[in-house]
Amino acid sequence: MPATTSSAPTQPLSATIRVALPQNSYDIRLEADGLDRLGEWLAPEALGYKLGKKIAVVSNPEIFALYGDRVLKSLDNAGFETISHCFEPGETHKTFASVQGLFDALLEARFERSSTLLALGGGIVGDMTGFAAASWLRGINFVQVPTSLLAMVDASVGGKTGVNHPKGKNLIGAFYQPKLVTIDPGVLATLPVREFRAGMAEVIKYGVIWDVELFAKLEAADRLDSMDALDPALLLEILQRSTQAKADVVAQDEKEGGLRAILNYGHTIGHAVESLTGYSVVNHGEAVGIGMVAVARVMVQMGLWDAQSEARQLAIIEKTGLPTAIPDGVAIADIVNRLKTDKKVKDGRVRFVLSKEIGSAFVTDTVTDSIVAEALASL
Ligand SMILES: NC(=O)c1ccc[n+]([C@@H]2O[C@H](COP(=O)([O-])OP(=O)(O)OC[C@H]3O[C@@H](n4cnc5c(N)ncnc54)[C@H](O)[C@@H]3O)[C@@H](O)[C@H]2O)c1
Ligand SMILES: [Zn+2]
């Protein structure tokens, strides 16, 4: 577990998690009301080096209306010169054209090599802003302030940035690490409940593939279906353990040469369900939830998991309120076929992330079509 700084040891109020990379290591600062401390955290004394004066706060109109003023005020008070820029919300605007709009604003405001882009938003804002930061003048400073649960535990950590191509999601991008990630759990109060649950799917994933204690905490919780239902201390622990899991995996495999692939647990069948339903019926987290239910059955069929492990995972997923059944109208044969077009297929063989025991995972290409078909049919 990461070092915590807290006034009461049983209820950590804040935590700092280090993403230790060969180059470009950075911290994830987790703290209630952290939005108001951004200026302080970006000062040279806290960061260890000096950023240029200019910072662009990049967001979308919904999120900026909620939190933009607090962020700007904190940065202004610390002596930064700020501008703001909003992308249109939604996956359809995660495009090169949107990034071009940001470049225009940076040109106008004369952003330099020492200037900084700060992403205030969910994974879409974070991915696009990171890609812009990687490209503008061949790389300027980048800070992530994730506001959705999914962005906090997944998208903001690890350095994957990018935009969609009309023919496929996230086809254009770069690995580009932020200088700092700050997570203020308070902003989740305004996150729509469906988005909260989508983020919980990734949290459960970390419990299964990496952190058996996180799994046990999720299992012991009375409710996991909304931000309001969660004890604040549990929420903090969920955020801390999930970001630590992602940080650990990324630290061992920054550019997805091996281990990092385990982060795709539940995603192989999940992606197929997501794309077969046109990215409109289920969101990403819901698809991952369904994918985890399905792959658990595969693992039982292969003798890797017993029925009890499967039931334990299912109970947690159900507790979050995520759907667990394959959506109506999606045929098993179509899922099996769609698996072969997954971005992660290597030499024509579909790669699955499986687990022998809760808390660890491995990647394999030995799962046959018939095992998948049989498992899905038995659900
Ligand atoms: N870079 C990575 O490693 C990585 C990993 C996972 C996902 N992603 C990408 O992340 C994107 C999905 O991210 P997402 O789920 O955060 O979606 P999102 O960015 O669309 O945010 C979800 C919705 O919640 C709203 N929202 C966010 N925070 C809010 C808040 N605090 N209060 C009120 N509303 C809020 C947003 O405006 C949006 O409508 C996808 O494009 C995906 O490809 C990237
Ligand atoms: Zn995911």
# chains A, B, ... in the order shown; residues from 1 in each chain; ligands from 1
call {"tool": "closest_atom_pairs", "arguments": {"of": "chain A", "to": "ligand 2", "cutoff": "7 Å", "atoms": "only C-alpha atoms and all ligand atoms", "output": "Markdown table"}}
result
| residue | atom | partner | partner_atom_place_in_ligand_line | distance |
| --- | --- | --- | --- | --- |
| A:Glu202 | CA | ligand 2 | 1 (Zn) | 6.1 |
| A:Asn264 | CA | ligand 2 | 1 (Zn) | 6.9 |
| A:His267 | CA | ligand 2 | 1 (Zn) | 6.5 |
| A:His284 | CA | ligand 2 | 1 (Zn) | 6.4 |
| A:Gly285 | CA | ligand 2 | 1 (Zn) | 6.4 |
| A:Val288 | CA | ligand 2 | 1 (Zn) | 6.6 |
call {"tool": "write_last_selection", "arguments": {"atoms": "C-alpha atoms", "output": "PDB file, in the first residue's frame"}}
result
ATOM      1  CA  GLU A 202     -12.514  -1.190 -13.791  1.00  0.00           C
ATOM      2  CA  ASN A 264      -7.613  -6.003 -20.529  1.00  0.00           C
ATOM      3  CA  HIS A 267     -12.256  -6.433 -22.121  1.00  0.00           C
ATOM      4  CA  HIS A 284     -17.548   0.766 -21.857  1.00  0.00           C
ATOM      5  CA  GLY A 285     -17.758  -0.082 -18.154  1.00  0.00           C
ATOM      6  CA  VAL A 288     -16.426  -4.764 -19.209  1.00  0.00           C
TER       7      VAL A 288
END
call {"tool": "residues_near_ligand", "arguments": {"ligand": "ligand 1", "cutoff": "8 Å", "atoms": "only C-alpha atoms and all ligand atoms", "output": "PyMOL selection string"}}
result
chain A and resi 60-63+66+89-91+94+121-127+146-151+154-163+169-170+187-192+195+198-199+284-285
call {"tool": "write_last_selection", "arguments": {"atoms": "N, CA and C atoms", "output": "CSV table (one decimal), in the first residue's frame"}}
result
chain,number,residue,atom,x,y,z
A,60,ASN,N,-14.6,20.2,-20.7
A,60,ASN,CA,-15.8,20.3,-21.6
A,60,ASN,C,-16.8,21.2,-20.9
A,61,PRO,N,-17.8,21.7,-21.6
A,61,PRO,CA,-18.6,22.8,-21.0
A,61,PRO,C,-19.3,22.3,-19.7
A,62,GLU,N,-19.8,21.1,-19.6
A,62,GLU,CA,-20.5,20.6,-18.4
A,62,GLU,C,-19.5,20.6,-17.2
A,63,ILE,N,-18.4,20.1,-17.4
A,63,ILE,CA,-17.5,19.9,-16.3
A,63,ILE,C,-16.9,21.3,-15.9
A,66,LEU,N,-19.0,23.3,-13.7
A,66,LEU,CA,-19.0,22.8,-12.3
A,66,LEU,C,-17.8,23.2,-11.6
A,89,PRO,N,-18.5,17.8,-25.7
A,89,PRO,CA,-18.5,16.5,-25.0
A,89,PRO,C,-18.9,15.3,-25.9
A,90,GLY,N,-18.5,14.1,-25.5
A,90,GLY,CA,-18.9,12.9,-26.2
A,90,GLY,C,-17.8,12.3,-27.1
A,91,GLU,N,-17.9,11.0,-27.2
A,91,GLU,CA,-16.9,10.2,-28.0
A,91,GLU,C,-16.9,10.7,-29.5
A,94,LYS,N,-14.2,13.1,-30.0
A,94,LYS,CA,-12.8,12.7,-29.6
A,94,LYS,C,-12.0,12.6,-30.9
A,121,GLY,N,-11.4,16.7,-16.6
A,121,GLY,CA,-12.5,16.0,-17.2
A,121,GLY,C,-12.4,14.5,-17.1
A,122,GLY,N,-13.2,13.8,-17.8
A,122,GLY,CA,-13.2,12.4,-17.9
A,122,GLY,C,-12.1,11.9,-18.9
A,123,GLY,N,-12.2,10.7,-19.3
A,123,GLY,CA,-11.2,10.1,-20.1
A,123,GLY,C,-11.1,10.7,-21.5
A,124,ILE,N,-12.2,11.2,-22.0
A,124,ILE,CA,-12.2,11.8,-23.3
A,124,ILE,C,-11.3,13.1,-23.3
A,125,VAL,N,-11.6,14.0,-22.3
A,125,VAL,CA,-10.8,15.2,-22.2
A,125,VAL,C,-9.4,14.9,-21.9
A,126,GLY,N,-9.1,13.9,-21.1
A,126,GLY,CA,-7.8,13.5,-20.7
A,126,GLY,C,-7.0,13.0,-21.9
A,127,ASP,N,-7.6,12.1,-22.6
A,127,ASP,CA,-6.9,11.5,-23.8
A,127,ASP,C,-6.6,12.5,-24.8
A,146,PRO,N,-8.5,14.2,-13.3
A,146,PRO,CA,-9.6,13.4,-13.8
A,146,PRO,C,-10.9,13.7,-12.9
A,147,THR,N,-12.0,13.7,-13.6
A,147,THR,CA,-13.3,14.0,-12.8
A,147,THR,C,-14.3,12.8,-12.9
A,148,SER,N,-14.1,11.8,-13.7
A,148,SER,CA,-15.0,10.7,-13.7
A,148,SER,C,-14.2,9.6,-13.0
A,149,LEU,N,-15.0,8.6,-12.4
A,149,LEU,CA,-14.3,7.5,-11.7
A,149,LEU,C,-13.4,6.7,-12.6
A,150,LEU,N,-13.9,6.5,-13.9
A,150,LEU,CA,-13.1,5.8,-14.8
A,150,LEU,C,-11.8,6.5,-15.1
A,151,ALA,N,-11.9,7.8,-15.3
A,151,ALA,CA,-10.6,8.5,-15.6
A,151,ALA,C,-9.7,8.5,-14.4
A,154,ASP,N,-8.3,4.8,-14.1
A,154,ASP,CA,-7.8,4.1,-15.3
A,154,ASP,C,-7.2,5.1,-16.3
A,155,ALA,N,-8.0,5.9,-17.0
A,155,ALA,CA,-7.5,6.7,-18.1
A,155,ALA,C,-6.4,7.7,-17.8
A,156,SER,N,-6.5,8.3,-16.6
A,156,SER,CA,-5.5,9.4,-16.2
A,156,SER,C,-4.1,8.9,-15.9
A,157,VAL,N,-4.0,7.6,-15.6
A,157,VAL,CA,-2.7,7.0,-15.2
A,157,VAL,C,-2.2,6.1,-16.3
A,158,GLY,N,-0.9,6.3,-16.6
A,158,GLY,CA,-0.3,5.3,-17.5
A,158,GLY,C,0.1,5.9,-18.9
A,159,GLY,N,-0.3,7.1,-19.2
A,159,GLY,CA,0.3,7.8,-20.3
A,159,GLY,C,-0.2,7.4,-21.7
A,160,LYS,N,-1.3,6.7,-21.8
A,160,LYS,CA,-1.9,6.5,-23.1
A,160,LYS,C,-2.8,7.7,-23.5
A,161,THR,N,-2.5,8.3,-24.6
A,161,THR,CA,-3.3,9.5,-25.0
A,161,THR,C,-3.7,9.3,-26.5
A,162,GLY,N,-4.7,10.0,-26.9
A,162,GLY,CA,-5.1,9.8,-28.3
A,162,GLY,C,-6.5,10.3,-28.7
A,163,VAL,N,-6.8,10.1,-30.0
A,163,VAL,CA,-8.1,10.4,-30.5
A,163,VAL,C,-8.6,9.2,-31.3
A,169,LYS,N,-11.8,3.3,-32.7
A,169,LYS,CA,-11.5,4.0,-31.5
A,169,LYS,C,-10.0,4.0,-31.2
A,170,ASN,N,-9.5,5.2,-30.7
A,170,ASN,CA,-8.2,5.3,-30.2
A,170,ASN,C,-7.1,4.8,-31.2
A,187,VAL,N,-15.5,15.5,-6.5
A,187,VAL,CA,-16.1,15.9,-7.8
A,187,VAL,C,-17.0,14.7,-8.2
A,188,LEU,N,-16.9,13.5,-7.6
A,188,LEU,CA,-17.7,12.4,-8.0
A,188,LEU,C,-19.2,12.6,-7.6
A,189,ALA,N,-19.4,13.6,-6.7
A,189,ALA,CA,-20.8,13.9,-6.3
A,189,ALA,C,-21.7,14.3,-7.5
A,190,THR,N,-21.1,14.9,-8.5
A,190,THR,CA,-21.9,15.3,-9.6
A,190,THR,C,-21.9,14.3,-10.8
A,191,LEU,N,-21.1,13.3,-10.7
A,191,LEU,CA,-21.0,12.3,-11.8
A,191,LEU,C,-22.3,11.5,-11.9
A,192,PRO,N,-22.9,11.4,-13.1
A,192,PRO,CA,-24.1,10.6,-13.3
A,192,PRO,C,-23.8,9.2,-12.8
A,195,GLU,N,-22.3,6.6,-15.0
A,195,GLU,CA,-20.8,6.7,-15.2
A,195,GLU,C,-20.1,6.2,-14.0
A,198,ALA,N,-19.9,2.5,-14.3
A,198,ALA,CA,-18.9,2.1,-15.3
A,198,ALA,C,-17.5,2.1,-14.8
A,199,GLY,N,-17.2,3.1,-14.0
A,199,GLY,CA,-15.9,3.2,-13.4
A,199,GLY,C,-15.7,2.0,-12.4
A,284,HIS,N,-18.8,1.6,-22.0
A,284,HIS,CA,-17.5,0.8,-21.9
A,284,HIS,C,-17.5,0.0,-20.6
A,285,GLY,N,-17.8,0.6,-19.4
A,285,GLY,CA,-17.8,-0.1,-18.2
A,285,GLY,C,-18.8,-1.2,-18.1
call {"tool": "residues_around", "arguments": {"residues": "segment 39-49 of chain A", "least_positions_apart": "4", "cutoff": "7 Å", "atoms": "only C-alpha atoms", "output": "PyMOL selection string"}}
result
chain A and resi 74-75+77-78
call {"tool": "write_last_selection", "arguments": {"atoms": "C-alpha atoms", "output": "mmCIF file, in the first residue's frame"}}
result
data_model
loop_
_atom_site.group_PDB
_atom_site.id
_atom_site.type_symbol
_atom_site.label_atom_id
_atom_site.label_comp_id
_atom_site.auth_asym_id
_atom_site.auth_seq_id
_atom_site.Cartn_x
_atom_site.Cartn_y
_atom_site.Cartn_z
ATOM 1 C CA SER A 74 -6.264 28.094 -7.421
ATOM 2 C CA LEU A 75 -3.894 28.525 -10.383
ATOM 3 C CA ASN A 77 -3.602 32.590 -6.803
ATOM 4 C CA ALA A 78 -0.354 30.733 -7.358
#
call {"tool": "atom_distance", "arguments": {"atom1": "atom CA of Ile238 of chain A", "atom2": "atom CA of Ile358 of chain A"}}
result
16.7 Å
call {"tool": "closest_residue", "arguments": {"among": "A:Ala174, A:Thr320, A:Ser275, A:Leu72", "to": "Ala221 of chain A", "atoms": "only C-alpha atoms"}}
result
A:Thr320
call {"tool": "select_by_dssp", "arguments": {"residues": "segment 75-155 of chain A", "states": "alpha helix (DSSP H)", "output": "VMD selection string"}}
result
chain A and resid 75 to 77 96 to 108 123 to 135 149 to 150
call {"tool": "residues_around", "arguments": {"residues": "Lys205 of chain A", "least_positions_apart": "3", "cutoff": "9 Å", "atoms": "only C-alpha atoms", "output": "PyMOL selection string"}}
result
chain A and resi 200-202+208-210+215+263-266+288-289+292
call {"tool": "write_last_selection", "arguments": {"atoms": "N, CA and C atoms", "output": "compact mmCIF listing (two decimals), in the first residue's frame"}}
result
# COMPACT_ATOMS: atom_id res chain seq x y z
N MET A 200 -16.74 1.61 -11.72
CA MET A 200 -16.62 0.50 -10.77
C MET A 200 -16.22 -0.80 -11.47
N ALA A 201 -16.59 -0.95 -12.74
CA ALA A 201 -16.19 -2.17 -13.47
C ALA A 201 -14.67 -2.28 -13.50
N GLU A 202 -13.99 -1.15 -13.74
CA GLU A 202 -12.51 -1.19 -13.79
C GLU A 202 -11.96 -1.45 -12.38
N VAL A 208 -9.62 -8.34 -9.17
CA VAL A 208 -9.45 -9.70 -9.69
C VAL A 208 -8.02 -9.94 -10.17
N ILE A 209 -7.45 -8.98 -10.89
CA ILE A 209 -6.15 -9.26 -11.55
C ILE A 209 -4.95 -8.92 -10.69
N TRP A 210 -5.15 -8.10 -9.62
CA TRP A 210 -3.96 -7.57 -8.95
C TRP A 210 -4.03 -7.53 -7.43
N PHE A 215 -10.41 -6.71 -3.66
CA PHE A 215 -11.54 -7.61 -3.94
C PHE A 215 -12.32 -7.87 -2.65
N LEU A 263 -4.38 -5.68 -18.00
CA LEU A 263 -5.40 -4.65 -17.75
C LEU A 263 -6.62 -4.84 -18.66
N ASN A 264 -6.48 -5.73 -19.64
CA ASN A 264 -7.61 -6.00 -20.53
C ASN A 264 -8.52 -7.12 -20.02
N TYR A 265 -8.37 -7.49 -18.76
CA TYR A 265 -9.27 -8.50 -18.18
C TYR A 265 -10.73 -8.05 -18.37
N GLY A 266 -11.54 -8.95 -18.88
CA GLY A 266 -12.96 -8.62 -19.11
C GLY A 266 -13.20 -7.80 -20.36
N VAL A 288 -17.49 -4.07 -19.95
CA VAL A 288 -16.43 -4.76 -19.21
C VAL A 288 -17.04 -5.64 -18.11
N GLY A 289 -18.09 -5.13 -17.47
CA GLY A 289 -18.79 -5.93 -16.46
C GLY A 289 -19.31 -7.23 -17.06
N MET A 292 -16.47 -9.53 -17.88
CA MET A 292 -15.90 -10.24 -16.72
C MET A 292 -16.79 -11.41 -16.31
call {"tool": "residues_around", "arguments": {"residues": "Thr243 of chain A", "least_positions_apart": "4", "cutoff": "9 Å", "atoms": "only C-alpha atoms", "output": "PyMOL selection string"}}
result
chain A and resi 17+28+152-154+157+238-239+247-248
